[in-house]
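Novice: Let me give you the structure first, and then I'll get to my questions.
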Amino acid sequence: MKNIRHNNQRELIIAVTLTIGIIVLVNFFAWRFSWRFDLTENKAFSISRYSQQTVRDLPDLVTAKAYFSKDLPPQFSVTREQVADLLNEYAGYGGNFRIKYLDPGDGKEAEAAGIPKLQFNDVRRDKLEVANGYFGIALSYHGKSEVIPMIENASLLEYQLTTALKKLTAANMSTVGWLDGYSADLDAYTASRQALDKIYTNQNIDLKNEAGLAKASALVIADPTKKFSAADLAKLDRYLNSGHNILALYDSQLVQSNLSLAANQSNFGAWLAGHGVEVSKSLVLDSQAGVASFGQGYLSYSLPYAYWPQLTTANFNPDKPIFAKLEGVILPWAASISAGQASSSFQVLANTSAKAWPAKGSYSLEPDKTPDAQGQFGSYALAAEAQAGKGKLIVVSDADFAKDQFVSANQANLAFFQDLADYALQEDGLSAIRAKSIASHPLGDLSAARIAWMRYLNLAGGTCLVVLAGIIQYFRRRRTKYLEY
């Protein structure tokens with residue numbers, strides 16, 4: 001008995017000594033060399049290769065001044081550490097990126113740089129107080145500056161920093177042209193345009209000025225509802241033939257405020273079909289649908305709305321990495337897309353789930369009057385592209401998803417539009433960064449049996465694990481007592 005205890009003590013001393021020695025050696029080598037391992041799904045705590053390359057390619061010194069107040073509330077301590085780690089990682093990939101951490105003091109310098117004074121709720125010693133402070137970054141390069149006035153979320157900071165660096169140091173910024181004069185309401189895309197402003201120049205394009213059209217790096221035709229003249233369609237043809245790309249957001253059916261339908265009278269759909277992409281007149285319904293809110297009198301309710309197909313990563317073309325990490329995109333009242341007039345270059349970019357069906361005949365958009373699938377389940381294309389001349393024609397059969405009311409409610413919709421714009425401009429590196437901030441992970445269409453199984457697993461799974469752990473611990477103790485005696 002005594003010999004067993006003596007051996008156990010000696011083994012414990014040896015184990016502790018070896019552990020301390022290993023820790024000392026690891027710290028010794030870690031002081032000279034550093035490795036970072038990020039095992040999160042979207043590499044949330046590491047900057048992307050695109051950001052790394054952006055920092056390496058900086059042509060001259062960029063100074064990032066971080067104005068962080070010392071007395072920020074405790075809830076900002078973790079965010080502050082994450083921000084500092086991210087800035088240090090940027091600096092580690094490029095010698096032309098320099099960081100200065102500054103105490104704003106009275107705030108005069110910070111406010112002169114464009115960092116506003118902010119008010120924070122500070123809960124300390126069981127008291128709620130309002131504290132003032134600064135928590136922003138100002139970047140400067142050759143007399144120009146870009147400001148991140150407030151760091152609201154560390155997960156968004158990489159995108160803000162990389163786009164600011166690209167905008168600061170770009171010799172010539174790409175121009176996104178927005179076709180004016182044929183859209184029902186270009187002002188409905190304010191949020192989408194502002195998102196592009198972070199790295200591109202937005203410019204309204206009037207086809208009367210063909211020279212202005214030629215300067216656009218890519219052209220967005222959003223929600224066209226008016227008829228095009230033959231001369232203007234010919235200008236679009238010449239634009240494509242010059243090697244530029246067009247992104248078209250087109251509704252074949254227009255949804256009115258009372259949920260009635262009206263056919264789009266524009267001849268733009270026929271022009272699309274003649275260039276290899278045909279948008280059907282029939283809307284598509286999907287069992288994998290987004291949630292919509294409806295009101296009836298004083299009552300309001302929300303439910304999955306089959307006319308709003310919801311896309312997961314599985315619904316995007318795996319050969320197009322720019323869309324690879326999108327989740328939860330909702331395309332309200334979209335129609336199916338097919339190859340038009342024997343197109344040989346037609347490619348699907350996004351499609352519905354396998355349990356979608358077309359609305360045929362006379363049908364209602366009311367949520368309680370959804371037309372029956374009648375066994376016609378299938379997968380339907382909702383976004384596609386075709387080669388047109390030397391350029392590409394990229395088409396989404398829905399003009400609503402990028403409007404303010406939908407991008408404000410769904411971050412994934414805004415990311416999808418930005419990815420489409422990047423794709424049209426052949427600038428796809430930013431999509432991987434944007435994907436980090438998209439938190440929606442819809443489960444997709446699940447059978448009733450699987451839903452029930454998951455419900456029971458959630459209810460009983462934790463209890464079963466605790467009981468199993470208790471049983472294992474019980475037998476371990478019995479075994480230990482047996483060895484001692």
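Residue numbers start at 1 in each chain; chains themselves are named A, B, ... in the order of the structure tokens; ligands are numbered from 1 in the order shown.
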Please list as a list in words every residue within 8 Å of range 415-420 of chain A, counting only C-alpha atoms and excluding residues in the same chain fewer than 2 positions away.

Specialist: Ser192, Ala195, Leu196, Leu247, Ile322, Phe323, Leu326, Val329, Ala402, Gln411, Ala412, Asn413, Asp422, Tyr423, Ala424, Asp428, Leu430, Ser431, Arg434 and Ala435 of chain A

Novice: Could you take the residues named above and write them with N, CA and C atoms, as a compact mmCIF listing (two decimals), in the first residue's frame?

Specialist:
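See result-v5.txt below for the written result:
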# COMPACT_ATOMS: atom_id res chain seq x y z
N SER A 192 -27.47 49.90 -51.35
CA SER A 192 -26.57 49.10 -52.20
C SER A 192 -25.52 49.99 -52.85
N ALA A 195 -22.90 50.97 -50.30
CA ALA A 195 -21.97 49.86 -50.03
C ALA A 195 -20.87 49.83 -51.09
N LEU A 196 -21.23 50.07 -52.35
CA LEU A 196 -20.24 50.09 -53.42
C LEU A 196 -19.33 51.30 -53.34
N LEU A 247 -24.65 43.93 -65.43
CA LEU A 247 -25.40 43.24 -64.38
C LEU A 247 -26.84 43.72 -64.46
N ILE A 322 -16.61 33.16 -55.83
CA ILE A 322 -17.03 34.44 -55.28
C ILE A 322 -18.35 34.33 -54.52
N PHE A 323 -19.19 33.34 -54.88
CA PHE A 323 -20.47 33.15 -54.21
C PHE A 323 -20.45 31.98 -53.22
N LEU A 326 -21.95 32.38 -49.38
CA LEU A 326 -23.19 33.10 -49.13
C LEU A 326 -24.21 32.19 -48.46
N VAL A 329 -29.57 34.21 -48.54
CA VAL A 329 -30.02 35.22 -49.51
C VAL A 329 -31.50 34.96 -49.83
N ALA A 402 -32.12 43.72 -53.89
CA ALA A 402 -31.07 44.69 -53.59
C ALA A 402 -31.62 46.05 -53.19
N GLN A 411 -28.60 41.11 -44.22
CA GLN A 411 -27.22 41.41 -44.60
C GLN A 411 -26.75 40.54 -45.75
N ALA A 412 -27.27 39.33 -45.86
CA ALA A 412 -26.85 38.42 -46.93
C ALA A 412 -27.26 38.95 -48.30
N ASN A 413 -28.40 39.63 -48.38
CA ASN A 413 -28.82 40.21 -49.65
C ASN A 413 -27.84 41.28 -50.12
N ASP A 422 -18.85 42.91 -57.77
CA ASP A 422 -17.42 42.53 -57.86
C ASP A 422 -17.19 41.59 -59.03
N TYR A 423 -18.12 40.65 -59.22
CA TYR A 423 -18.00 39.68 -60.31
C TYR A 423 -18.06 40.39 -61.66
N ALA A 424 -18.96 41.36 -61.79
CA ALA A 424 -19.07 42.10 -63.03
C ALA A 424 -17.82 42.94 -63.29
N ASP A 428 -13.00 39.96 -57.29
CA ASP A 428 -13.73 39.02 -56.43
C ASP A 428 -13.09 38.74 -55.08
N LEU A 430 -12.91 40.54 -52.36
CA LEU A 430 -13.58 41.06 -51.17
C LEU A 430 -14.70 40.15 -50.66
N SER A 431 -15.17 39.23 -51.49
CA SER A 431 -16.31 38.40 -51.09
C SER A 431 -15.99 37.53 -49.89
N ARG A 434 -16.40 39.65 -46.74
CA ARG A 434 -17.79 39.93 -46.39
C ARG A 434 -18.47 38.73 -45.78
N ALA A 435 -18.09 37.53 -46.22
CA ALA A 435 -18.74 36.31 -45.73
C ALA A 435 -18.55 36.12 -44.24

Novice: Looking only at alpha helix (DSSP H) from DSSP on the backbone, list the matching residues of range 22-235 of chain A as a CSV table (one decimal) with C-alpha atoms, in the first residue's frame.

Specialist:
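Dumped to result.csv:
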chain,number,residue,atom,x,y,z
A,22,ILE,CA,7.7,21.9,-21.8
A,23,ILE,CA,6.0,25.2,-21.0
A,24,VAL,CA,9.4,26.9,-20.6
A,25,LEU,CA,10.6,25.5,-23.9
A,26,VAL,CA,7.4,26.5,-25.8
A,27,ASN,CA,7.5,30.0,-24.4
A,28,PHE,CA,11.2,30.3,-25.3
A,29,PHE,CA,10.6,29.4,-29.0
A,30,ALA,CA,7.3,31.3,-29.1
A,31,TRP,CA,9.2,34.4,-28.1
A,32,ARG,CA,11.3,34.2,-31.3
A,49,ARG,CA,-5.3,36.4,-48.4
A,50,TYR,CA,-6.8,39.3,-50.3
A,51,SER,CA,-6.2,41.6,-47.3
A,52,GLN,CA,-2.7,40.2,-46.9
A,53,GLN,CA,-1.9,41.0,-50.5
A,54,THR,CA,-3.5,44.4,-50.2
A,55,VAL,CA,-1.1,45.3,-47.4
A,56,ARG,CA,1.9,43.9,-49.2
A,77,SER,CA,-12.4,45.4,-23.5
A,78,VAL,CA,-12.7,42.2,-25.6
A,79,THR,CA,-13.5,44.2,-28.8
A,80,ARG,CA,-10.5,46.4,-28.1
A,81,GLU,CA,-8.2,43.4,-27.9
A,82,GLN,CA,-9.6,41.9,-31.1
A,83,VAL,CA,-9.2,45.2,-32.9
A,84,ALA,CA,-5.5,45.5,-31.7
A,85,ASP,CA,-4.8,41.9,-32.8
A,86,LEU,CA,-6.3,42.6,-36.2
A,87,LEU,CA,-4.3,45.8,-36.7
A,88,ASN,CA,-1.1,44.1,-35.6
A,89,GLU,CA,-1.8,41.3,-38.1
A,90,TYR,CA,-2.1,43.9,-40.9
A,91,ALA,CA,1.2,45.4,-39.9
A,92,GLY,CA,2.8,42.0,-39.9
A,93,TYR,CA,2.1,41.5,-43.5
A,108,LYS,CA,-9.6,67.8,-30.2
A,109,GLU,CA,-7.2,65.8,-32.4
A,110,ALA,CA,-9.6,62.8,-32.8
A,111,GLU,CA,-12.5,65.1,-33.8
A,112,ALA,CA,-10.2,67.0,-36.3
A,154,ALA,CA,-14.7,43.6,-34.8
A,155,SER,CA,-15.9,41.1,-37.3
A,156,LEU,CA,-16.7,43.9,-39.8
A,157,LEU,CA,-13.4,45.7,-39.3
A,158,GLU,CA,-11.3,43.7,-41.8
A,159,TYR,CA,-13.7,44.6,-44.6
A,160,GLN,CA,-13.7,48.3,-43.5
A,161,LEU,CA,-9.9,48.4,-43.3
A,162,THR,CA,-9.2,46.6,-46.6
A,163,THR,CA,-11.7,48.7,-48.6
A,164,ALA,CA,-10.3,51.9,-47.0
A,165,LEU,CA,-6.8,50.9,-48.0
A,166,LYS,CA,-7.9,50.1,-51.6
A,167,LYS,CA,-9.7,53.4,-51.9
A,168,LEU,CA,-6.8,55.4,-50.4
A,169,THR,CA,-4.1,54.0,-52.6
A,190,THR,CA,-29.5,53.8,-51.9
A,191,ALA,CA,-28.0,51.3,-49.4
A,192,SER,CA,-26.6,49.1,-52.2
A,193,ARG,CA,-25.0,52.1,-53.9
A,194,GLN,CA,-23.5,53.3,-50.6
A,195,ALA,CA,-22.0,49.9,-50.0
A,196,LEU,CA,-20.2,50.1,-53.4
A,210,GLU,CA,-22.4,57.1,-75.1
A,211,ALA,CA,-18.9,58.5,-74.2
A,212,GLY,CA,-19.9,58.5,-70.5
A,213,LEU,CA,-21.2,54.9,-70.9
A,214,ALA,CA,-17.8,53.8,-72.3
A,230,ALA,CA,-33.6,50.5,-80.8
A,231,ALA,CA,-30.8,53.0,-80.7
A,232,ASP,CA,-30.3,52.6,-77.0
A,233,LEU,CA,-30.3,48.8,-77.2
A,234,ALA,CA,-27.7,49.1,-79.9
A,235,LYS,CA,-25.6,51.1,-77.5

Novice: Of the candidates A:Leu468, A:Leu311, A:Leu186, A:Ala460, which one gets nearest to Asp404 in chain A if we count only C-alpha atoms?

Specialist: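 Closest residue, counting only C-alpha atoms: A:Leu186.
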
Novice: From a backbone DSSP assignment, name each residue in range 7-156 of chain A labelled strand (DSSP E), as a VMD selection string.

Specialist: chain A and resid 62 to 68 97 to 102 118 to 124 127 to 133 135 to 141 144 to 148

Novice: Calculated over only C-alpha atoms, which of the candidates A:Lys392, A:Gly114, A:Leu349, A:Gly290 has the smallest distance to Asp319 in chain A?

Specialist: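 Ranked by minimum distance to Asp319 in chain A, first place goes to A:Leu349.
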
Novice: If we count only C-alpha atoms, what is near Thr225 in chain A at a cut-off of 10 Å, once residues fewer than 6 positions away on the same chain are taken out, given as a list in words?

Specialist: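 That gives Gly181, Tyr182, Ser183, Ala184, Asp185, Tyr250, Asp251, Ser252, Gln253, Leu254, Ala263, Asn264, Gln265, Ser266, Asn267, Phe268 and Gly269 of chain A.
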
Novice: Could you turn the residues from that selection into a file that holds N, CA and C atoms, as a JSON list (two decimals), in the first residue's frame?

Specialist:
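Saved file part-v6.json follows:
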[["chain", "number", "residue", "atom", "x", "y", "z"],
["A", 181, "GLY", "N", -33.03, 56.46, -66.37],
["A", 181, "GLY", "CA", -34.04, 56.76, -67.37],
["A", 181, "GLY", "C", -34.98, 55.62, -67.69],
["A", 182, "TYR", "N", -34.59, 54.39, -67.32],
["A", 182, "TYR", "CA", -35.44, 53.24, -67.62],
["A", 182, "TYR", "C", -35.92, 52.51, -66.37],
["A", 183, "SER", "N", -35.36, 52.87, -65.23],
["A", 183, "SER", "CA", -35.72, 52.20, -63.97],
["A", 183, "SER", "C", -36.96, 52.84, -63.35],
["A", 184, "ALA", "N", -37.71, 52.02, -62.64],
["A", 184, "ALA", "CA", -38.89, 52.54, -61.93],
["A", 184, "ALA", "C", -38.47, 53.48, -60.82],
["A", 185, "ASP", "N", -37.37, 53.16, -60.12],
["A", 185, "ASP", "CA", -36.94, 54.01, -59.00],
["A", 185, "ASP", "C", -35.52, 53.64, -58.59],
["A", 250, "TYR", "N", -33.74, 42.11, -63.13],
["A", 250, "TYR", "CA", -34.93, 42.27, -63.97],
["A", 250, "TYR", "C", -36.11, 41.46, -63.43],
["A", 251, "ASP", "N", -37.26, 42.13, -63.27],
["A", 251, "ASP", "CA", -38.51, 41.48, -62.88],
["A", 251, "ASP", "C", -39.39, 41.33, -64.11],
["A", 252, "SER", "N", -39.74, 40.11, -64.45],
["A", 252, "SER", "CA", -40.67, 39.90, -65.57],
["A", 252, "SER", "C", -42.10, 40.20, -65.13],
["A", 253, "GLN", "N", -42.35, 40.06, -63.82],
["A", 253, "GLN", "CA", -43.65, 40.38, -63.24],
["A", 253, "GLN", "C", -43.46, 41.42, -62.15],
["A", 254, "LEU", "N", -44.28, 42.45, -62.16],
["A", 254, "LEU", "CA", -44.17, 43.53, -61.17],
["A", 254, "LEU", "C", -45.22, 43.33, -60.08],
["A", 263, "ALA", "N", -47.71, 42.46, -65.59],
["A", 263, "ALA", "CA", -46.61, 42.06, -66.46],
["A", 263, "ALA", "C", -45.73, 43.27, -66.78],
["A", 264, "ASN", "N", -44.41, 43.06, -66.77],
["A", 264, "ASN", "CA", -43.47, 44.12, -67.13],
["A", 264, "ASN", "C", -43.58, 44.38, -68.64],
["A", 265, "GLN", "N", -43.90, 45.61, -69.01],
["A", 265, "GLN", "CA", -44.11, 45.95, -70.42],
["A", 265, "GLN", "C", -42.83, 46.35, -71.15],
["A", 266, "SER", "N", -41.71, 46.33, -70.43],
["A", 266, "SER", "CA", -40.45, 46.70, -71.08],
["A", 266, "SER", "C", -40.04, 45.63, -72.09],
["A", 267, "ASN", "N", -39.36, 46.06, -73.14],
["A", 267, "ASN", "CA", -38.81, 45.12, -74.12],
["A", 267, "ASN", "C", -37.42, 44.62, -73.73],
["A", 268, "PHE", "N", -37.01, 44.94, -72.48],
["A", 268, "PHE", "CA", -35.69, 44.54, -72.03],
["A", 268, "PHE", "C", -35.58, 43.02, -71.90],
["A", 269, "GLY", "N", -36.68, 42.36, -71.49],
["A", 269, "GLY", "CA", -36.67, 40.90, -71.37],
["A", 269, "GLY", "C", -36.38, 40.22, -72.69]]

Novice: Within 10 Å of range 366-383 of chain A, counting only C-alpha atoms, which residues show up once you throw out same-chain ones fewer than 2 positions away? Write them as a ChimeraX atom specification, please.

Specialist: /A:248-249,258-260,277,279,284-287,292-294,302-307,309,311,315-317,331,334-339,347-364,385,394-398

Novice: Can you pull out every residue within 7 Å of Leu425 in chain A, counting only C-alpha atoms, but drop anything in the same chain fewer than 3 positions away, and send it as a ChimeraX atom specification?

Specialist: /A:217-218,421-422

Novice: Between CA of Ala131 in chain A and CA of Leu72 in chain A, what is the spacing in Å?

Specialist: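 So the answer is 7.7 Å.
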
Novice: Leaving out Thr201 in chain A and any residue of its chain fewer than 2 positions from it, which residues lie within 7 Å of it when counting only C-alpha atoms, given as a PDB file with N, CA and C atoms, in the first residue's frame?

Specialist:
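Okay, this is what ended up in out-v7.pdb:
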ATOM      1  N   MET A 173      -9.952  54.535 -59.539  1.00  0.00           N
ATOM      2  CA  MET A 173     -11.017  53.702 -59.001  1.00  0.00           C
ATOM      3  C   MET A 173     -11.957  53.261 -60.111  1.00  0.00           C
ATOM      4  N   SER A 174     -12.388  52.007 -60.034  1.00  0.00           N
ATOM      5  CA  SER A 174     -13.349  51.501 -61.020  1.00  0.00           C
ATOM      6  C   SER A 174     -14.684  52.217 -60.851  1.00  0.00           C
ATOM      7  N   THR A 175     -15.369  52.427 -61.971  1.00  0.00           N
ATOM      8  CA  THR A 175     -16.659  53.120 -61.957  1.00  0.00           C
ATOM      9  C   THR A 175     -17.780  52.133 -62.235  1.00  0.00           C
ATOM     10  N   VAL A 176     -18.771  52.118 -61.338  1.00  0.00           N
ATOM     11  CA  VAL A 176     -19.984  51.324 -61.544  1.00  0.00           C
ATOM     12  C   VAL A 176     -21.042  52.258 -62.120  1.00  0.00           C
ATOM     13  N   ASP A 197     -19.834  52.379 -52.746  1.00  0.00           N
ATOM     14  CA  ASP A 197     -19.045  53.611 -52.624  1.00  0.00           C
ATOM     15  C   ASP A 197     -17.762  53.407 -51.823  1.00  0.00           C
ATOM     16  N   GLN A 203     -21.863  56.022 -60.695  1.00  0.00           N
ATOM     17  CA  GLN A 203     -22.154  57.082 -61.661  1.00  0.00           C
ATOM     18  C   GLN A 203     -23.437  56.747 -62.401  1.00  0.00           C
TER      19      GLN A 203
END

Novice: Can you measure CA of Ala138 in chain A to CA of Tyr189 in chain A for me? One decimal in Å is fine.

Specialist: 28.0 Å
